[in-house]
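In what follows, a structure is listed as structure tokens, so that the remarks can point back to it.
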Amino acid sequence: MTRGLLGLLLLFVFPVFSQEFSNAEKNAVLRHGPWPAPWSPDHSNRASGNPGAIELGERLFFEPRLSPSGKVLCATCHAPFRGWQDARPRAFGLAEADRNTPSVLNVRYARWFGWDGAGDSLWAQSIRPILEPREMGGSLAAVAALVRTDPGLSCRVARVFGAVPQTEEGIVVALAKALAAFQETLVTGRTPFDDFRDALARGDGQAMKAYPEAALRGLRIFVGKGNCSACHAGPAFSNGEFHDTGVPFFVSGGGVDAGRHGGIKKLLASEFSLLGRFNEDRDGKSALKTRHVSLEHRNFGEFKVPSLRNVALTAPYMHNGSLATLADVVRHYSELSVDRLHADGEKLLLKPLRLTAQESADLVAFLESLTESKSVLPPPRAPDPACAK
Amino acid sequence: MEKRRGAFRRPAAGLIGALAGLACLTPAAPACELPAGRRLESGRLALSYRTVPASIVVGEPFEVLFALCPKDGFKPGRIKLDATMPEHRHGMNYLPSLAPTAAGYRSEGWIFHMPGRWEIVFEVGGERLADSVSIE
């Protein structure tokens, strides 16, 4: 009798959350933090973390002259007020492209860049849209001429890199490294999920109660029945790699988007990859992934696993922007057509979740809880007084 | 965080005793000492390996350091390393490299990109030694 009363008492005294989570669930939740995650500067880029480079990179991010049209800037597609993306299904610079614009928030944590991972560094990836005809439509020669003829730009490049590089390629790489230094500062703030996760870590039942119940139920699906965290792993909610999730990869005009398969081919053919002469990492460790990446048939139609932080602010979704809302994304995985998966491994991993309406709504509530409570964007930087505006 | 399980079962205690007795009657072979690490063994060779860092984390690169002790004149020949997720029927997205060191071999380029059970496979001159590693 006494034992029974004690059991009842414990049931009410102990926080409900600690009883709901098994040790495995708790560990799975804890692995999605802490946030912000630790980060160290990019050794392949001497401008990484350099205040002068960050200021130059911010200028370049909003510089329309990088496009010969004078009408398209990085911020055209990566608009700060739209979660650093464009809210369109597919990017539109000078013309419509084939893929959705990913946000550049938290991009500093990525291993590969772009939906196909054709970039192995943030600076190499920053060159691609400048030269892409459908995006900014620039050229190495035009960008180099801009720097050489603009005293303010050439002064800033020289201040960061010691001198304006001699070659067109060198100038474009310098600008791209400054652009990367700026983008590395764009990190999402803490979210209701982070507060819950940290409270769970320290066993603070009272603080855990602030987390919405629907989000909590959705979290359990995310790390449990849904197995979402198998790919959306770690503090950034991405394992940084590539998967086929059954999203059609046909593009307008009748072609197909080869995804990761094409990305690896582009990567290995690029003079701007980490295997090339522009990598400033002296011990070569930054290029390990590029040296060892393996081109496999199964890479065809695979696309990068996106981070889920601030995901509620970055609709539409998937590599081609084909799903308009988070509810659509959850429905996609709930009703997944395994016939669309071309790799045996993905068929074993991805199965239709068959979620109830309540479960689907809970999973959406969890995804919405990954939205930052307050933006932590860095304060505006003062221009370098040594250089003209 | 990972849990490991070797693919080769330990011989029964009686068999070990019998083999130990046999070893006393045969001339001593040159010693081949394996460094500390996970030990895998077949009839033709023994192998020990360790990862650097010791704990494998999803999505983080690591190295594999290993050494071999061939048995009874077995010639290792070609050595190949890889890893697979048997339940998922896929491997890594990377091809590990292999280089000799003073103590054995170093293999770089390893990334386990998903949690679950991985199998680290050493193919040494036709011998296949595997170790099971569970990554959370």
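Labels for the structure tokens follow display order: chains A, B, ..., residues from 1 in each chain, ligands from 1.
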Counting only C-alpha atoms, what are the residues of chain B within 9 Å of chain A, and for each of them which pair of atoms is the nearest and at what distance in Å, to one decimal? Sort the table by chain and rising number, as a Markdown table.
```
| residue | atom | partner | partner_atom | distance |
| --- | --- | --- | --- | --- |
| B:Val58 | CA | A:Asn239 | CA | 7.3 |
| B:Gly59 | CA | A:Asn239 | CA | 5.7 |
| B:Pro61 | CA | A:Lys289 | CA | 8.2 |
| B:Met85 | CA | A:Gly345 | CA | 8.9 |
| B:Glu87 | CA | A:Leu348 | CA | 7.5 |
| B:His88 | CA | A:Gly345 | CA | 4.6 |
| B:Arg89 | CA | A:Gly345 | CA | 4.8 |
| B:His90 | CA | A:Gly345 | CA | 5.6 |
| B:Met92 | CA | A:Ser294 | CA | 8.5 |
| B:Asn93 | CA | A:Ser294 | CA | 5.7 |
| B:Tyr94 | CA | A:Val293 | CA | 4.3 |
| B:Leu95 | CA | A:His292 | CA | 5.2 |
| B:Pro96 | CA | A:His292 | CA | 6.2 |
| B:Ser97 | CA | A:His292 | CA | 7.2 |
| B:Glu108 | CA | A:Leu288 | CA | 7.9 |
| B:Gly109 | CA | A:His292 | CA | 5.5 |
| B:Trp110 | CA | A:His292 | CA | 8.3 |
| B:Ile111 | CA | A:Lys289 | CA | 8.7 |
| B:His113 | CA | A:Asn239 | CA | 6.1 |
| B:Met114 | CA | A:Ala230 | CA | 5.8 |
| B:Pro115 | CA | A:Ala230 | CA | 6.0 |
| B:Gly116 | CA | A:Ala230 | CA | 8.3 |
| B:Glu136 | CA | A:Ala28 | CA | 7.8 |
```
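By only C-alpha atoms, and with residues fewer than 3 positions from Ala180 (chain A) along its chain excluded, the set lying at most 10 Å from it is A:Asp42, A:Asn45, A:Ala47, A:Ser48, A:Gly49, A:Ala53, A:Ile54, A:Gly57, A:Glu58, A:Phe61, A:Val107, A:Arg108, A:Ser121, A:Leu122, A:Trp123, A:Ala124, A:Gln125, A:Ser126, A:Ile127, A:Ala174, A:Leu175, A:Ala176, A:Lys177, A:Gln183, A:Glu184, A:Thr185.
Non-sequential neighbours of Leu47 (chain B) (distance at most 8 Å, separation of 5 or more positions within a chain, only C-alpha atoms) are Leu34, Arg39, Leu40, Glu41, Phe66, Ala67, Leu68 and Cys69 of chain B.
Closest to Pro41 (chain A) among A:Tyr211, A:Phe237, A:Tyr109, A:Phe366 is A:Tyr109, based on only C-alpha atoms.
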Report task. Skip region 369-378 of chain A itself and residues of its chain fewer than 6 positions away, then list as a ChimeraX atom specification all residues within 7 Å of it, counting only C-alpha atoms. Result -> /A:185-193,215,309-312
Store the residues picked out above, limited to C-alpha atoms, as a PDB file, in the first residue's frame.
```pdb
ATOM      1  CA  THR A 185      28.424  35.037 -40.077  1.00  0.00           C
ATOM      2  CA  LEU A 186      24.801  34.158 -40.936  1.00  0.00           C
ATOM      3  CA  VAL A 187      23.700  31.817 -38.174  1.00  0.00           C
ATOM      4  CA  THR A 188      20.170  31.229 -36.926  1.00  0.00           C
ATOM      5  CA  GLY A 189      19.273  32.085 -33.365  1.00  0.00           C
ATOM      6  CA  ARG A 190      18.044  29.782 -30.661  1.00  0.00           C
ATOM      7  CA  THR A 191      14.659  28.163 -31.011  1.00  0.00           C
ATOM      8  CA  PRO A 192      11.959  26.800 -28.696  1.00  0.00           C
ATOM      9  CA  PHE A 193      13.348  23.342 -29.506  1.00  0.00           C
ATOM     10  CA  ALA A 215       5.742  19.994 -30.910  1.00  0.00           C
ATOM     11  CA  ARG A 309      16.616  25.233 -38.816  1.00  0.00           C
ATOM     12  CA  ASN A 310      14.208  28.059 -39.685  1.00  0.00           C
ATOM     13  CA  VAL A 311      12.523  25.651 -42.102  1.00  0.00           C
ATOM     14  CA  ALA A 312       9.117  27.266 -41.500  1.00  0.00           C
TER      15      ALA A 312
END
```
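The spacing separating CA of Glu359 (chain A) from CA of Val330 (chain A) amounts to 9.6 Å.
Neighbouring residues of Pro102 (chain A) at 10 Å or closer, counting only C-alpha atoms and skipping chain neighbours under 4 positions away, are Cys77, His78, Gly83, Trp84, Gln85, Asp86, Ala87, Arg90, Ala91, Val107, Phe113, Gly114, Trp115, Pro306, Ser307, Thr314, Ala315, Pro316, Tyr317, Met318, His319 and Gly321 of chain A.
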Requested in this report: Tell me which protein, DNA and RNA residues are within 9 Å of Leu81 (chain B), counting only C-alpha atoms, leaving out same-chain ones fewer than 6 positions away, and put them as number ranges by chain.
Outcome: B: 95-98, 107, 120-124
All alpha helix (DSSP H) residues (DSSP, backbone) inside region 154-346 of chain A, as a PDB file with C-alpha atoms, in the first residue's frame:
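Listing of part_6.pdb after writing:
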```pdb
ATOM      1  CA  SER A 154      40.457  47.174 -55.294  1.00  0.00           C
ATOM      2  CA  CYS A 155      41.507  48.930 -52.059  1.00  0.00           C
ATOM      3  CA  ARG A 156      39.446  46.477 -49.979  1.00  0.00           C
ATOM      4  CA  VAL A 157      40.687  43.418 -51.847  1.00  0.00           C
ATOM      5  CA  ALA A 158      44.278  44.596 -51.348  1.00  0.00           C
ATOM      6  CA  ARG A 159      43.679  45.260 -47.641  1.00  0.00           C
ATOM      7  CA  VAL A 160      42.341  41.746 -47.080  1.00  0.00           C
ATOM      8  CA  PHE A 161      44.598  39.732 -49.406  1.00  0.00           C
ATOM      9  CA  GLU A 168      41.191  37.094 -63.470  1.00  0.00           C
ATOM     10  CA  GLU A 169      40.739  33.766 -61.685  1.00  0.00           C
ATOM     11  CA  GLY A 170      42.666  35.051 -58.677  1.00  0.00           C
ATOM     12  CA  ILE A 171      40.474  38.173 -58.430  1.00  0.00           C
ATOM     13  CA  VAL A 172      37.235  36.183 -58.653  1.00  0.00           C
ATOM     14  CA  VAL A 173      38.481  33.726 -56.023  1.00  0.00           C
ATOM     15  CA  ALA A 174      39.395  36.644 -53.724  1.00  0.00           C
ATOM     16  CA  LEU A 175      35.888  38.084 -54.036  1.00  0.00           C
ATOM     17  CA  ALA A 176      34.368  34.649 -53.486  1.00  0.00           C
ATOM     18  CA  LYS A 177      36.455  34.160 -50.343  1.00  0.00           C
ATOM     19  CA  ALA A 178      35.216  37.505 -49.000  1.00  0.00           C
ATOM     20  CA  LEU A 179      31.638  36.520 -49.874  1.00  0.00           C
ATOM     21  CA  ALA A 180      32.180  33.278 -47.972  1.00  0.00           C
ATOM     22  CA  ALA A 181      33.572  35.158 -44.957  1.00  0.00           C
ATOM     23  CA  PHE A 182      30.365  37.210 -44.849  1.00  0.00           C
ATOM     24  CA  GLN A 183      28.034  34.224 -45.263  1.00  0.00           C
ATOM     25  CA  PRO A 192      11.959  26.800 -28.696  1.00  0.00           C
ATOM     26  CA  PHE A 193      13.348  23.342 -29.506  1.00  0.00           C
ATOM     27  CA  ASP A 194      16.835  24.395 -28.309  1.00  0.00           C
ATOM     28  CA  ASP A 195      15.398  25.625 -25.014  1.00  0.00           C
ATOM     29  CA  PHE A 196      13.576  22.297 -24.588  1.00  0.00           C
ATOM     30  CA  ARG A 197      16.638  20.276 -25.566  1.00  0.00           C
ATOM     31  CA  ASP A 198      18.880  22.088 -23.087  1.00  0.00           C
ATOM     32  CA  ALA A 199      16.251  21.768 -20.344  1.00  0.00           C
ATOM     33  CA  LEU A 200      16.086  18.029 -21.059  1.00  0.00           C
ATOM     34  CA  ALA A 201      19.887  17.840 -20.811  1.00  0.00           C
ATOM     35  CA  ARG A 202      19.918  19.389 -17.351  1.00  0.00           C
ATOM     36  CA  GLY A 205      11.198  19.630 -15.921  1.00  0.00           C
ATOM     37  CA  GLN A 206       9.745  23.056 -15.258  1.00  0.00           C
ATOM     38  CA  ALA A 207      11.545  24.605 -18.236  1.00  0.00           C
ATOM     39  CA  MET A 208      10.567  21.644 -20.426  1.00  0.00           C
ATOM     40  CA  GLU A 213       2.750  19.619 -26.420  1.00  0.00           C
ATOM     41  CA  ALA A 214       2.082  19.230 -30.145  1.00  0.00           C
ATOM     42  CA  ALA A 215       5.742  19.994 -30.910  1.00  0.00           C
ATOM     43  CA  LEU A 216       6.803  17.471 -28.279  1.00  0.00           C
ATOM     44  CA  ARG A 217       4.656  14.761 -29.852  1.00  0.00           C
ATOM     45  CA  GLY A 218       6.087  15.707 -33.246  1.00  0.00           C
ATOM     46  CA  LEU A 219       9.624  15.504 -31.877  1.00  0.00           C
ATOM     47  CA  ARG A 220       8.984  11.941 -30.741  1.00  0.00           C
ATOM     48  CA  ILE A 221       7.848  11.035 -34.254  1.00  0.00           C
ATOM     49  CA  PHE A 222      10.903  12.802 -35.702  1.00  0.00           C
ATOM     50  CA  VAL A 223      13.421  10.790 -33.663  1.00  0.00           C
ATOM     51  CA  ARG A 260      24.692  14.392 -56.822  1.00  0.00           C
ATOM     52  CA  HIS A 261      25.951  12.344 -59.770  1.00  0.00           C
ATOM     53  CA  GLY A 262      26.319  15.498 -61.841  1.00  0.00           C
ATOM     54  CA  GLY A 263      27.581  17.420 -58.831  1.00  0.00           C
ATOM     55  CA  ILE A 264      30.541  15.103 -58.276  1.00  0.00           C
ATOM     56  CA  LYS A 265      31.442  15.304 -61.968  1.00  0.00           C
ATOM     57  CA  LYS A 266      31.361  19.109 -61.856  1.00  0.00           C
ATOM     58  CA  LEU A 267      33.349  19.132 -58.631  1.00  0.00           C
ATOM     59  CA  LEU A 268      36.143  16.972 -60.013  1.00  0.00           C
ATOM     60  CA  ALA A 269      36.318  19.069 -63.204  1.00  0.00           C
ATOM     61  CA  LEU A 288      40.271  15.047 -47.666  1.00  0.00           C
ATOM     62  CA  LYS A 289      36.570  14.752 -48.540  1.00  0.00           C
ATOM     63  CA  THR A 290      37.206  15.789 -52.152  1.00  0.00           C
ATOM     64  CA  ARG A 291      40.095  13.360 -52.558  1.00  0.00           C
ATOM     65  CA  HIS A 292      37.979  10.482 -51.297  1.00  0.00           C
ATOM     66  CA  LEU A 326       5.534  21.895 -44.454  1.00  0.00           C
ATOM     67  CA  ALA A 327       2.254  19.979 -44.374  1.00  0.00           C
ATOM     68  CA  ASP A 328       2.913  18.995 -48.001  1.00  0.00           C
ATOM     69  CA  VAL A 329       6.394  17.779 -47.073  1.00  0.00           C
ATOM     70  CA  VAL A 330       5.043  15.661 -44.226  1.00  0.00           C
ATOM     71  CA  ARG A 331       2.380  14.276 -46.574  1.00  0.00           C
ATOM     72  CA  HIS A 332       5.113  13.406 -49.089  1.00  0.00           C
ATOM     73  CA  TYR A 333       6.881  11.203 -46.542  1.00  0.00           C
ATOM     74  CA  SER A 334       3.623   9.849 -45.149  1.00  0.00           C
ATOM     75  CA  ASP A 344      17.725  -0.315 -53.105  1.00  0.00           C
ATOM     76  CA  GLY A 345      19.232   1.229 -49.994  1.00  0.00           C
ATOM     77  CA  GLU A 346      16.771   4.104 -50.025  1.00  0.00           C
TER      78      GLU A 346
END
```
Report task. Write out as a PyMOL selection string the residues lying within 8 Å of Pro70 (chain B), counting only C-alpha atoms and excluding same-chain residues fewer than 3 positions away. Result -> chain B and resi 44-46+73-76
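Here CA of Val364 (chain A) and CA of Leu323 (chain A) stand 13.8 Å from one another.
Note that CA of Ala236 (chain A) and CA of Arg340 (chain A) are 27.3 Å apart.
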